[in-house]
Amino acid sequence: MTLNRNKRGLKIIGLYIISLVCISFYFLMDYHNVIFVLYEKWDMNPDGKFTTLVFTGLLQYGLLIVGICIFSTLSFILIRGKIKSE
């Protein structure tokens, strides 16, 4: 029984760490302005700049959304489980 609790606890901690890593990568990309640095360095073809801009923008905001969703979903599940057990 305690082995299952330990595994569950490690999974929860791991998902919180993944959430914080996603959010920190978002702020890192936003702070260092990675999108426009890649946009300026892309010289292969004229459509490549737009593709780079779209891809990095989707990646950046995707990291933010995934990080917030994991964090809020885990918090909701843990709070709901705590309320049900009482």
# chains A, B, ... in the order shown; residues from 1 in each chain; ligands from 1
>>> residues_around(residues="A:Leu59", least_positions_apart="5", cutoff="9 Å", atoms="only C-alpha atoms", output="number ranges by chain")
A: 26, 54, 64
>>> write_last_selection(atoms="C-alpha atoms", output="PDB file, in the first residue's frame")
ATOM      1  CA  TYR A  26       8.099  30.226 -21.720  1.00  0.00           C
ATOM      2  CA  VAL A  54       4.680  30.961 -36.503  1.00  0.00           C
ATOM      3  CA  LEU A  64       2.675  28.332 -21.356  1.00  0.00           C
TER       4      LEU A  64
END
>>> residues_around(residues="A:Gly67", least_positions_apart="2", cutoff="10 Å", atoms="only C-alpha atoms", output="short mmCIF file (atom, residue, chain, number, x, y, z; two decimals) with C-alpha atoms, in the first residue's frame")
data_model
loop_
_atom_site.label_atom_id
_atom_site.label_comp_id
_atom_site.auth_asym_id
_atom_site.auth_seq_id
_atom_site.Cartn_x
_atom_site.Cartn_y
_atom_site.Cartn_z
CA LEU A 15 4.15 16.44 -13.20
CA TYR A 16 4.52 19.60 -11.09
CA ILE A 17 8.20 19.77 -12.10
CA ILE A 18 7.27 19.36 -15.78
CA SER A 19 4.71 22.14 -15.37
CA LEU A 20 7.23 24.49 -13.80
CA VAL A 21 9.82 23.66 -16.49
CA CYS A 22 7.30 24.49 -19.24
CA ILE A 23 6.39 27.80 -17.61
CA SER A 24 10.04 28.69 -17.01
CA PHE A 25 10.93 27.91 -20.65
CA TYR A 26 8.10 30.23 -21.72
CA TYR A 61 2.51 29.86 -26.09
CA GLY A 62 2.04 26.09 -26.21
CA LEU A 63 4.57 25.75 -23.39
CA LEU A 64 2.67 28.33 -21.36
CA ILE A 65 -0.71 26.67 -21.89
CA CYS A 69 -3.09 23.32 -17.56
CA ILE A 70 -0.97 20.66 -15.84
CA PHE A 71 -0.55 22.82 -12.74
CA SER A 72 -4.23 23.75 -12.44
#
